[in-house]
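Below: one structure, written as structure tokens.
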Amino acid sequence: YNSFVNRKGPQHWTVKETGRFFEALRQLGTDFCSMEAFFDNRSRKQLKRKYRTELIRNPALVEMALDPRNKTKVDMSVFDVEVDPKAIEAAAQDEPPEYIPTDGGEEELASAAAAATTIDHDAAPTPDENTAPVIAAAVATAAAIAATNATDA
């Protein structure tokens, strides 16, 4: 069964990679999927195995890296994500960015918003032909239970 598996030899961690591992651990915690972006040639499985190994070899370093007081901001340049500068500016000012619809006109959105806000919550629901038999059965069941309780008492 193992003859058709292309296995790689052991990939030893260099000192530089270990330093990057601890830096990624400080920024991302134990999110190994996101941590893969920091490493070109390491898989999630390898990162998790490195974490378990470091827990045994250097538990104090792992503890310091995971300490919330030592946490650093995430380096977004590693993820190759394009960020809208307006969104960053709005987030800094705690204002939501302006919504620009991608489909449908503003008239459609305005009419949909107006229709959604004109719901009368105080109005009693009107039974239709599908709910009337269910309501009748529930009333009959409640009456039967009340009659049984009255005769037992």
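In the structure tokens, each chain is lettered A, B, ... as it comes, each chain's residues begin at 1, and ligands are numbered from 1 in order of appearance.
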
Identify, on the basis of only C-alpha atoms, every residue whose closest approach to Phe38 of chain A does not exceed 12 Å; exclude the query and any residue fewer than 3 positions from it along the same chain; express the result as JSON, numbers by chain.
{"A": [17, 18, 19, 20, 21, 22, 23, 24, 25, 27, 28, 31, 32, 33, 34, 35, 41, 42, 43, 44, 47, 74, 75, 76, 77, 78, 79, 80]}

For atom CA of Met64 of chain A and atom CA of Arg52 of chain A, quote the distance in Å rounded to one decimal.
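Pair atom CA of Met64 of chain A / atom CA of Arg52 of chain A returns 15.1 Å.
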
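All residues of protein, DNA or RNA that reach within 10 Å of Val62 of chain A, judged by only C-alpha atoms and not counting those fewer than 2 positions away in the chain, are Phe22, Leu25, Arg26, Gly29, Tyr51, Arg52, Glu54, Leu55, Ile56, Arg57, Asn58, Pro59, Ala60, Met64, Ala65, Leu66 and Asp67 of chain A.
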
Just give me the gap between atom CA of Arg69 of chain A and atom CA of Lys45 of chain A in Å, one decimal is fine.
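Pair atom CA of Arg69 of chain A / atom CA of Lys45 of chain A returns 27.4 Å.
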